[in-house]
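Containing mmCIF, C-alpha atoms: my_file-v2.cif.
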```cif
data_protein
#
loop_
_atom_site.label_atom_id
_atom_site.label_comp_id
_atom_site.auth_asym_id
_atom_site.auth_seq_id
_atom_site.Cartn_x
_atom_site.Cartn_y
_atom_site.Cartn_z
CA MET R 1 -1.57 7.25 -11.91
CA LEU R 2 -2.23 4.01 -13.77
CA LEU R 3 -2.12 5.87 -17.06
CA LEU R 4 1.08 7.65 -16.02
CA SER R 5 2.68 4.32 -15.18
CA ALA R 6 1.62 2.90 -18.56
CA VAL R 7 3.24 5.82 -20.40
CA ALA R 8 6.43 5.71 -18.33
CA TYR R 9 6.68 1.93 -18.71
CA THR R 10 6.84 2.34 -22.51
CA ALA R 11 9.67 4.87 -22.48
CA TRP R 12 11.85 2.24 -24.18
CA VAL R 13 10.12 3.11 -27.49
CA LEU R 14 12.35 6.19 -27.53
CA GLU R 15 15.10 3.90 -28.81
CA VAL R 16 13.35 4.17 -32.18
CA VAL R 17 14.39 7.84 -32.45
CA LEU R 18 17.37 7.92 -30.08
CA SER R 19 20.71 6.28 -30.75
CA THR R 20 21.27 3.72 -27.99
CA GLY R 21 23.79 1.46 -29.71
CA LEU R 22 21.74 -1.62 -28.74
CA ASP R 23 19.87 -4.00 -31.01
CA PRO R 24 16.20 -3.91 -29.92
CA VAL R 25 15.62 -7.40 -31.33
CA GLN R 26 18.45 -9.03 -29.37
CA ALA R 27 19.23 -6.86 -26.32
CA TYR R 28 17.65 -7.13 -22.89
CA ILE R 29 15.30 -4.24 -22.36
CA SER R 30 17.07 -3.70 -19.01
CA GLU R 31 20.32 -2.99 -20.88
CA LEU R 32 18.93 0.39 -21.92
CA ALA R 33 19.22 1.41 -18.25
CA ALA R 34 22.65 -0.14 -17.67
CA GLU R 35 25.20 2.03 -15.90
CA ASP R 36 27.55 2.13 -18.91
CA GLN R 37 24.86 3.23 -21.37
CA PRO R 38 24.70 6.90 -22.39
CA LEU R 39 20.92 7.13 -21.81
CA GLY R 40 20.85 4.83 -18.81
CA GLY R 41 19.85 7.59 -16.41
CA LEU R 42 16.79 8.48 -18.50
CA PHE R 43 15.47 4.92 -18.62
CA ARG R 44 16.17 4.34 -14.93
CA ALA R 45 14.15 7.47 -14.13
CA THR R 46 11.17 6.40 -16.25
CA ASP R 47 11.20 2.94 -14.64
CA LEU R 48 11.18 4.57 -11.20
CA VAL R 49 8.22 6.79 -12.16
CA ALA R 50 6.32 3.80 -13.58
CA GLY R 51 6.90 1.72 -10.47
CA LEU R 52 6.00 4.41 -7.95
CA ALA R 53 2.89 5.46 -9.90
CA VAL R 54 1.42 1.96 -10.11
CA LEU R 55 2.36 1.27 -6.49
CA ALA R 56 0.52 4.38 -5.34
CA ALA R 57 -2.51 3.52 -7.51
CA ALA R 58 -2.65 -0.03 -6.14
CA LEU R 59 -2.38 1.09 -2.52
CA LEU R 60 -5.13 3.67 -3.03
CA ALA R 61 -7.33 1.03 -4.64
CA LEU R 62 -6.78 -1.35 -1.73
CA SER R 63 -7.95 1.34 0.69
CA ALA R 64 -10.83 2.55 -1.49
CA PHE R 65 -14.45 1.94 -0.60
CA HIS R 66 -15.25 -0.10 -3.69
CA VAL R 67 -12.82 -2.86 -2.62
CA ARG R 68 -14.21 -3.10 0.92
CA ARG R 69 -17.83 -2.64 -0.08
CA PRO R 70 -20.02 -5.76 0.00
CA ALA R 71 -20.71 -7.09 -3.46
CA PRO R 72 -24.38 -7.21 -4.42
CA PRO R 73 -25.65 -10.81 -4.45
CA ALA R 74 -27.16 -10.19 -7.89
CA ALA R 75 -23.64 -9.51 -9.22
CA GLY R 76 -22.36 -12.88 -8.13
CA GLY R 77 -20.28 -11.48 -5.28
CA SER R 78 -20.29 -12.40 -1.64
CA ARG R 79 -20.67 -10.22 1.38
CA GLY R 80 -17.47 -8.74 2.73
CA ARG R 81 -14.30 -8.10 0.76
CA ARG R 82 -13.95 -8.99 -2.88
CA PRO R 83 -10.95 -11.33 -2.69
CA TRP R 84 -10.13 -11.37 -6.41
CA ALA R 85 -10.09 -7.58 -6.59
CA ALA R 86 -8.04 -7.23 -3.40
CA GLY R 87 -5.59 -9.90 -4.59
CA GLY R 88 -5.23 -8.24 -7.97
CA TRP R 89 -4.45 -4.82 -6.51
CA ALA R 90 -1.98 -6.43 -4.08
CA ALA R 91 -0.22 -8.10 -7.01
CA LEU R 92 -0.03 -4.76 -8.81
CA ALA R 93 1.47 -3.23 -5.66
CA LEU R 94 4.17 -5.93 -5.81
CA PHE R 95 4.73 -5.11 -9.48
CA GLY R 96 5.12 -1.42 -8.71
CA ALA R 97 7.46 -1.90 -5.77
CA ALA R 98 9.63 -4.39 -7.68
CA THR R 99 9.79 -2.12 -10.74
CA ALA R 100 10.87 0.83 -8.61
CA ALA R 101 13.51 -1.35 -6.92
CA ASP R 102 14.59 -2.61 -10.34
CA SER R 103 15.41 0.93 -11.42
CA ARG R 104 17.70 1.35 -8.41
CA LEU R 105 19.55 -1.92 -9.14
CA PRO R 106 20.71 -1.48 -12.75
CA LEU R 107 23.03 -3.74 -14.71
CA SER R 108 26.61 -2.53 -14.84
CA CYS R 109 26.99 -3.37 -18.54
CA ALA R 110 25.14 -4.84 -21.53
CA PRO R 111 25.86 -8.58 -21.81
CA THR R 112 24.10 -9.17 -25.16
CA SER R 113 26.18 -6.55 -26.98
CA ASP R 114 29.40 -6.63 -24.96
CA GLU R 115 31.27 -9.94 -25.05
CA MET R 116 33.50 -8.92 -22.15
CA CYS R 117 30.44 -8.12 -20.06
CA ALA R 118 28.91 -11.50 -20.93
CA ALA R 119 32.14 -13.27 -20.00
CA ARG R 120 32.36 -11.46 -16.65
CA GLU R 121 28.73 -12.27 -15.95
CA THR R 122 29.31 -15.96 -16.70
CA ALA R 123 32.38 -15.98 -14.43
CA GLY R 124 30.50 -14.19 -11.65
CA LEU R 125 32.73 -11.13 -11.82
CA VAL R 126 29.96 -8.57 -12.18
CA PRO R 127 28.51 -6.58 -9.26
CA ALA R 128 25.84 -8.19 -7.09
CA THR R 129 23.32 -5.79 -8.60
CA HIS R 130 23.09 -8.15 -11.60
CA THR R 131 21.66 -10.91 -9.40
CA ALA R 132 19.48 -8.46 -7.46
CA HIS R 133 18.20 -7.02 -10.74
CA ALA R 134 17.22 -10.49 -11.94
CA VAL R 135 15.28 -11.06 -8.71
CA THR R 136 13.41 -7.75 -8.81
CA SER R 137 12.64 -8.18 -12.52
CA SER R 138 11.19 -11.63 -11.84
CA LEU R 139 9.08 -10.28 -8.98
CA ALA R 140 7.83 -7.43 -11.15
CA MET R 141 6.68 -9.76 -13.90
CA LEU R 142 5.14 -12.13 -11.36
CA GLY R 143 3.19 -9.21 -9.90
CA ALA R 144 2.08 -8.04 -13.34
CA LEU R 145 0.84 -11.50 -14.31
CA GLY R 146 -0.88 -11.94 -10.95
CA GLY R 147 -2.58 -8.57 -11.18
CA LEU R 148 -3.70 -9.12 -14.76
CA THR R 149 -5.12 -12.53 -13.89
CA ALA R 150 -6.86 -11.62 -10.62
CA LEU R 151 -8.36 -8.32 -11.79
CA THR R 152 -9.63 -9.92 -14.99
CA VAL R 153 -11.33 -12.61 -12.93
CA ALA R 154 -12.70 -9.92 -10.60
CA ALA R 155 -14.09 -7.91 -13.51
CA ARG R 156 -15.94 -10.92 -14.89
CA ARG R 157 -17.01 -12.38 -11.55
CA TYR R 158 -18.26 -9.15 -10.00
CA HIS R 159 -19.60 -7.66 -13.26
CA ARG R 160 -17.40 -4.57 -13.04
CA TRP R 161 -14.92 -2.77 -15.29
CA PRO R 162 -16.42 -3.85 -18.66
CA PRO R 163 -13.26 -3.11 -20.71
CA VAL R 164 -11.21 -5.37 -18.44
CA ALA R 165 -13.85 -8.10 -18.51
CA ARG R 166 -13.93 -7.96 -22.32
CA TYR R 167 -10.28 -7.59 -23.28
CA GLY R 168 -8.49 -8.86 -20.17
CA PRO R 169 -8.55 -12.57 -21.16
CA TRP R 170 -7.01 -11.77 -24.54
CA LEU R 171 -4.26 -9.66 -23.01
CA LEU R 172 -3.62 -12.33 -20.39
CA GLY R 173 -3.24 -15.03 -23.04
CA ALA R 174 -0.86 -12.88 -25.08
CA GLU R 175 1.14 -11.98 -21.97
CA VAL R 176 1.57 -15.65 -21.04
CA LEU R 177 2.85 -16.43 -24.55
CA ALA R 178 5.24 -13.45 -24.52
CA THR R 179 6.52 -14.43 -21.08
CA GLY R 180 7.15 -17.99 -22.29
CA TRP R 181 9.07 -16.60 -25.27
CA SER R 182 11.18 -14.36 -23.02
CA LEU R 183 11.99 -17.11 -20.52
CA SER R 184 12.95 -19.54 -23.29
CA ALA R 185 15.18 -16.92 -24.94
CA ILE R 186 16.89 -16.09 -21.63
CA ALA R 187 17.56 -19.79 -21.00
CA ALA R 188 18.99 -20.18 -24.51
CA PHE R 189 21.22 -17.13 -24.12
CA GLU R 190 22.56 -18.25 -20.75
CA ALA R 191 23.28 -21.69 -22.23
CA GLY R 192 25.23 -20.13 -25.08
CA HIS R 193 22.72 -20.91 -27.82
CA GLY R 194 22.09 -17.37 -29.02
CA THR R 195 19.47 -14.85 -28.00
CA TRP R 196 16.40 -16.21 -29.84
CA ALA R 197 15.21 -12.62 -30.42
CA LEU R 198 15.29 -12.05 -26.67
CA GLY R 199 14.87 -8.30 -27.01
CA ALA R 200 11.76 -8.58 -29.16
CA GLY R 201 10.16 -11.02 -26.72
CA GLN R 202 10.84 -8.81 -23.73
CA ARG R 203 9.61 -5.70 -25.47
CA LEU R 204 6.39 -7.43 -26.43
CA GLN R 205 6.04 -8.61 -22.84
CA VAL R 206 6.50 -5.11 -21.42
CA LEU R 207 4.27 -3.52 -24.08
CA LEU R 208 1.39 -5.84 -23.16
CA VAL R 209 1.75 -4.91 -19.48
CA ALA R 210 1.62 -1.21 -20.43
CA LEU R 211 -1.50 -1.80 -22.54
CA TRP R 212 -3.07 -3.62 -19.61
CA LEU R 213 -2.33 -0.70 -17.27
CA ALA R 214 -3.88 1.73 -19.76
CA LEU R 215 -6.95 -0.51 -20.11
CA LEU R 216 -7.29 -0.74 -16.34
CA ALA R 217 -6.95 3.04 -16.06
CA ALA R 218 -9.79 3.50 -18.55
CA ALA R 219 -11.93 0.90 -16.76
CA VAL R 220 -11.62 2.29 -13.24
CA GLY R 221 -12.29 5.77 -14.58
CA LEU R 222 -15.77 4.75 -15.72
CA PRO R 223 -18.77 5.13 -13.38
CA ASP R 224 -19.47 2.08 -11.25
CA ARG R 225 -22.31 0.34 -13.04
CA THR R 226 -22.79 -2.35 -10.43
CA GLY R 227 -26.56 -2.24 -9.87
CA PRO R 228 -28.33 -2.29 -6.52
CA SER R 229 -29.43 -5.56 -5.04
CA ALA R 230 -32.99 -6.79 -5.35
CA GLY R 231 -33.69 -5.96 -1.71
CA ASP R 232 -32.46 -2.43 -2.14
CA THR R 233 -34.62 -1.99 -5.24
CA ALA R 234 -37.70 -3.29 -3.46
CA GLY R 235 -37.02 -0.98 -0.55
CA ARG R 236 -36.80 2.04 -2.79
CA ALA R 237 -39.93 0.98 -4.67
CA GLY R 238 -41.86 1.49 -1.42
CA ALA R 239 -41.82 5.23 -1.98
CA VAL R 240 -45.14 5.87 -3.73
CA VAL R 241 -46.25 9.18 -5.17
CA GLY R 242 -48.96 10.55 -2.93
CA GLY R 243 -48.61 7.68 -0.39
CA ALA R 244 -46.36 6.12 2.23
CA VAL R 245 -45.29 2.58 3.13
CA VAL R 246 -46.06 1.42 6.65
CA GLY R 247 -45.48 -2.21 7.62
CA GLY R 248 -45.23 -3.20 3.95
CA ALA R 249 -48.67 -1.78 3.05
CA VAL R 250 -49.35 1.35 1.09
CA ARG R 251 -51.31 4.00 2.93
CA GLU R 252 -52.58 6.99 1.08
CA ALA R 253 -51.31 10.31 2.35
CA PRO R 254 -54.01 12.55 3.79
CA ALA R 255 -55.35 15.14 1.45
CA ALA R 256 -54.02 18.62 2.00
CA ALA R 257 -56.41 20.85 3.97
CA ALA R 258 -58.09 23.58 1.99
CA PRO R 259 -56.47 26.96 2.56
CA SER R 260 -58.31 29.30 4.90
CA ARG R 261 -59.77 32.62 3.82
CA THR R 262 -56.79 34.42 5.38
CA GLU R 263 -54.27 32.21 3.57
CA ARG R 264 -56.07 32.80 0.26
CA ARG R 265 -56.01 36.54 0.87
CA ASP R 266 -52.41 36.74 2.07
CA PRO R 267 -50.40 33.70 0.92
CA VAL R 268 -47.13 35.06 2.39
#
```
Spit out the file's structure as structure tokens when you get a sec.
Amino acid sequence: MLLLSAVAYTAWVLEVVLSTGLDPVQAYISELAAEDQPLGGLFRATDLVAGLAVLAAALLALSAFHVRRPAPPAAGGSRGRRPWAAGGWAALALFGAATAADSRLPLSCAPTSDEMCAARETAGLVPATHTAHAVTSSLAMLGALGGLTALTVAARRYHRWPPVARYGPWLLGAEVLATGWSLSAIAAFEAGHGTWALGAGQRLQVLLVALWLALLAAAVGLPDRTGPSAGDTAGRAGAVVGGAVVGGAVREAPAAAAPSRTERRDPV
């Protein structure tokens, strides 16, 4: 489901081969799904699939045994729940729910390419879905950043998900920079100072989230390599070939009795 969400969340790359009439360097990525766009229904559907898939994956992860299981002391974890892992999956659940809601609250028009739409938006003459869309989009990105941060910390702290532990910090740093670019460009556009390549910044931001989801999908699909604790290892080491452990001491098992004459003659 994480991999499905990653693929659906990058459906905007279809604008490379499909004629959308929007400039990918300047236009909001949400404008592809606007109600007045010819392919708006397609992009709203892919956003809905992406949101529901990651929401379902996050909820399953929150209820899975590996989140509730006590972390081995040798792995740096503490007994009970793993708070960084639980917090990360909860943030991804927020991301999924907000993305699904975002697809149901589309823009009515494309303000970066339609001057009349931009003027109506400035005058507050657009539907309330524009404001609601801004809220759900902000919540989605907040959830994505929170999930990326918390699950990366969890991977490194609990010694799990090696791909996330290795590449997560780099993706997080790039995502923070892309988010800063997008927020600055949005502020400039709303102040009437141009778009500052708003579309490129947002597309980079969304692409990094999709790469993170794909990386997380690959990581959770690997076998859990978290080793047993020292106590568990010592307990298992008590099983000795040809002997038994009683009260911490090794006692040799009694030798097998020699078979009787009858058993030798008729082993069945």
Atom pair atom CA of R:Ala144 / atom CA of R:Ala6: separation (Å):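 Distance between the two atoms: 12.1 Å.
Here the question is which of R:Leu39, R:Ala119, R:Ala150, R:Ala187 gets nearest to R:Ser19 using all atoms listed in the file, and that residue is R:Leu39.
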Gap from atom CA of R:Gln205 to atom CA of R:Thr179 - Å, one decimal: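 If I compute the distance from atom CA of R:Gln205 to atom CA of R:Thr179, I get 6.1 Å.
With all atoms listed in the file as the basis for measurement, R:Ala178 is the residue among R:Ala101, R:Pro223, R:Ala178, R:Phe95 that approaches R:Arg203 most closely.
Put simply, atom CA of R:Pro169 is 16.8 Å away from atom CA of R:Val206.
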Expansion of the PyMOL selection byres ((chain R and resi 32-34) around 8) into residues, as a ChimeraX atom specification: /R:12,20,22,28-31,35-37,39-44,103,106-110
Shortest interatomic distance to R:Leu171 - which of R:Leu213, R:Ile186, R:Ala53, R:Ala45, counting all atoms listed in the file: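 The answer is R:Leu213, which sits nearest to R:Leu171.
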Residues returned when the PyMOL selection byres ((chain R and resi 135-140) around 8) runs on this file, as a list in words: Leu94, Phe95, Gly96, Ala97, Ala98, Thr99, Ala101, Asp102, Thr131, Ala132, His133, Ala134, Met141, Leu142, Gly143 and Ala144 of chain R
Selecting all heavy atoms, how would stretch 204-219 of chain R from this structure be written as an mmCIF file, in the first residue's frame?
```cif
data_model
loop_
_atom_site.group_PDB
_atom_site.id
_atom_site.type_symbol
_atom_site.label_atom_id
_atom_site.label_comp_id
_atom_site.auth_asym_id
_atom_site.auth_seq_id
_atom_site.Cartn_x
_atom_site.Cartn_y
_atom_site.Cartn_z
ATOM 1 N N LEU R 204 9.046 19.304 -6.770
ATOM 2 C CA LEU R 204 10.177 18.689 -6.077
ATOM 3 C C LEU R 204 9.764 18.222 -4.688
ATOM 4 O O LEU R 204 10.133 17.124 -4.249
ATOM 5 C CB LEU R 204 11.326 19.692 -5.973
ATOM 6 C CG LEU R 204 12.551 19.227 -5.186
ATOM 7 C CD1 LEU R 204 13.167 17.982 -5.819
ATOM 8 C CD2 LEU R 204 13.583 20.353 -5.081
ATOM 9 N N GLN R 205 8.982 19.037 -4.018
ATOM 10 C CA GLN R 205 8.491 18.700 -2.677
ATOM 11 C C GLN R 205 7.677 17.412 -2.691
ATOM 12 O O GLN R 205 7.896 16.505 -1.874
ATOM 13 C CB GLN R 205 7.644 19.872 -2.168
ATOM 14 C CG GLN R 205 7.208 19.798 -0.725
ATOM 15 C CD GLN R 205 6.329 20.993 -0.372
ATOM 16 O OE1 GLN R 205 5.736 21.636 -1.242
ATOM 17 N NE2 GLN R 205 6.250 21.303 0.907
ATOM 18 N N VAL R 206 6.757 17.295 -3.625
ATOM 19 C CA VAL R 206 5.898 16.118 -3.724
ATOM 20 C C VAL R 206 6.698 14.894 -4.185
ATOM 21 O O VAL R 206 6.474 13.769 -3.712
ATOM 22 C CB VAL R 206 4.729 16.410 -4.684
ATOM 23 C CG1 VAL R 206 3.949 15.147 -4.995
ATOM 24 C CG2 VAL R 206 3.801 17.455 -4.075
ATOM 25 N N LEU R 207 7.646 15.103 -5.099
ATOM 26 C CA LEU R 207 8.469 13.984 -5.573
ATOM 27 C C LEU R 207 9.288 13.386 -4.431
ATOM 28 O O LEU R 207 9.405 12.154 -4.314
ATOM 29 C CB LEU R 207 9.403 14.472 -6.683
ATOM 30 C CG LEU R 207 10.387 13.431 -7.235
ATOM 31 C CD1 LEU R 207 9.641 12.262 -7.866
ATOM 32 C CD2 LEU R 207 11.332 14.077 -8.245
ATOM 33 N N LEU R 208 9.834 14.222 -3.567
ATOM 34 C CA LEU R 208 10.618 13.722 -2.432
ATOM 35 C C LEU R 208 9.752 12.923 -1.463
ATOM 36 O O LEU R 208 10.197 11.916 -0.902
ATOM 37 C CB LEU R 208 11.292 14.894 -1.714
ATOM 38 C CG LEU R 208 12.437 15.563 -2.482
ATOM 39 C CD1 LEU R 208 12.855 16.860 -1.790
ATOM 40 C CD2 LEU R 208 13.626 14.619 -2.620
ATOM 41 N N VAL R 209 8.506 13.348 -1.261
ATOM 42 C CA VAL R 209 7.594 12.587 -0.406
ATOM 43 C C VAL R 209 7.317 11.221 -1.026
ATOM 44 O O VAL R 209 7.305 10.195 -0.338
ATOM 45 C CB VAL R 209 6.281 13.359 -0.184
ATOM 46 C CG1 VAL R 209 5.252 12.486 0.536
ATOM 47 C CG2 VAL R 209 6.527 14.610 0.633
ATOM 48 N N ALA R 210 7.113 11.192 -2.348
ATOM 49 C CA ALA R 210 6.863 9.913 -3.023
ATOM 50 C C ALA R 210 8.079 8.999 -2.923
ATOM 51 O O ALA R 210 7.938 7.790 -2.691
ATOM 52 C CB ALA R 210 6.506 10.161 -4.482
ATOM 53 N N LEU R 211 9.278 9.546 -3.070
ATOM 54 C CA LEU R 211 10.493 8.740 -2.924
ATOM 55 C C LEU R 211 10.613 8.199 -1.507
ATOM 56 O O LEU R 211 11.028 7.054 -1.292
ATOM 57 C CB LEU R 211 11.728 9.579 -3.272
ATOM 58 C CG LEU R 211 11.917 9.933 -4.747
ATOM 59 C CD1 LEU R 211 13.110 10.862 -4.909
ATOM 60 C CD2 LEU R 211 12.106 8.678 -5.583
ATOM 61 N N TRP R 212 10.245 9.013 -0.542
ATOM 62 C CA TRP R 212 10.277 8.573 0.855
ATOM 63 C C TRP R 212 9.301 7.419 1.085
ATOM 64 O O TRP R 212 9.638 6.441 1.753
ATOM 65 C CB TRP R 212 9.960 9.745 1.755
ATOM 66 C CG TRP R 212 9.390 9.389 3.082
ATOM 67 C CD1 TRP R 212 8.121 9.613 3.522
ATOM 68 C CD2 TRP R 212 10.058 8.718 4.164
ATOM 69 N NE1 TRP R 212 7.965 9.122 4.795
ATOM 70 C CE2 TRP R 212 9.134 8.578 5.210
ATOM 71 C CE3 TRP R 212 11.345 8.233 4.331
ATOM 72 C CZ2 TRP R 212 9.453 7.954 6.412
ATOM 73 C CZ3 TRP R 212 11.670 7.609 5.532
ATOM 74 C CH2 TRP R 212 10.728 7.483 6.550
ATOM 75 N N LEU R 213 8.105 7.514 0.522
ATOM 76 C CA LEU R 213 7.121 6.438 0.676
ATOM 77 C C LEU R 213 7.631 5.147 0.033
ATOM 78 O O LEU R 213 7.448 4.057 0.578
ATOM 79 C CB LEU R 213 5.789 6.852 0.053
ATOM 80 C CG LEU R 213 5.017 7.961 0.774
ATOM 81 C CD1 LEU R 213 3.802 8.389 -0.050
ATOM 82 C CD2 LEU R 213 4.581 7.517 2.157
ATOM 83 N N ALA R 214 8.261 5.261 -1.129
ATOM 84 C CA ALA R 214 8.810 4.079 -1.789
ATOM 85 C C ALA R 214 9.953 3.482 -0.962
ATOM 86 O O ALA R 214 10.070 2.252 -0.830
ATOM 87 C CB ALA R 214 9.305 4.444 -3.183
ATOM 88 N N LEU R 215 10.800 4.336 -0.397
ATOM 89 C CA LEU R 215 11.894 3.853 0.456
ATOM 90 C C LEU R 215 11.340 3.164 1.696
ATOM 91 O O LEU R 215 11.830 2.095 2.095
ATOM 92 C CB LEU R 215 12.777 5.039 0.863
ATOM 93 C CG LEU R 215 13.951 4.714 1.787
ATOM 94 C CD1 LEU R 215 14.999 3.892 1.041
ATOM 95 C CD2 LEU R 215 14.572 6.007 2.333
ATOM 96 N N LEU R 216 10.322 3.736 2.291
ATOM 97 C CA LEU R 216 9.710 3.134 3.473
ATOM 98 C C LEU R 216 9.064 1.802 3.121
ATOM 99 O O LEU R 216 9.140 0.835 3.893
ATOM 100 C CB LEU R 216 8.679 4.093 4.063
ATOM 101 C CG LEU R 216 7.999 3.670 5.365
ATOM 102 C CD1 LEU R 216 9.028 3.476 6.477
ATOM 103 C CD2 LEU R 216 6.958 4.705 5.784
ATOM 104 N N ALA R 217 8.440 1.729 1.952
ATOM 105 C CA ALA R 217 7.835 0.465 1.510
ATOM 106 C C ALA R 217 8.896 -0.620 1.378
ATOM 107 O O ALA R 217 8.695 -1.766 1.797
ATOM 108 C CB ALA R 217 7.116 0.673 0.179
ATOM 109 N N ALA R 218 10.047 -0.262 0.791
ATOM 110 C CA ALA R 218 11.126 -1.239 0.651
ATOM 111 C C ALA R 218 11.672 -1.651 2.014
ATOM 112 O O ALA R 218 11.991 -2.818 2.241
ATOM 113 C CB ALA R 218 12.244 -0.652 -0.210
ATOM 114 N N ALA R 219 11.758 -0.696 2.936
ATOM 115 C CA ALA R 219 12.336 -0.983 4.257
ATOM 116 C C ALA R 219 11.449 -1.903 5.079
ATOM 117 O O ALA R 219 11.921 -2.862 5.691
ATOM 118 C CB ALA R 219 12.586 0.327 5.005
#
```
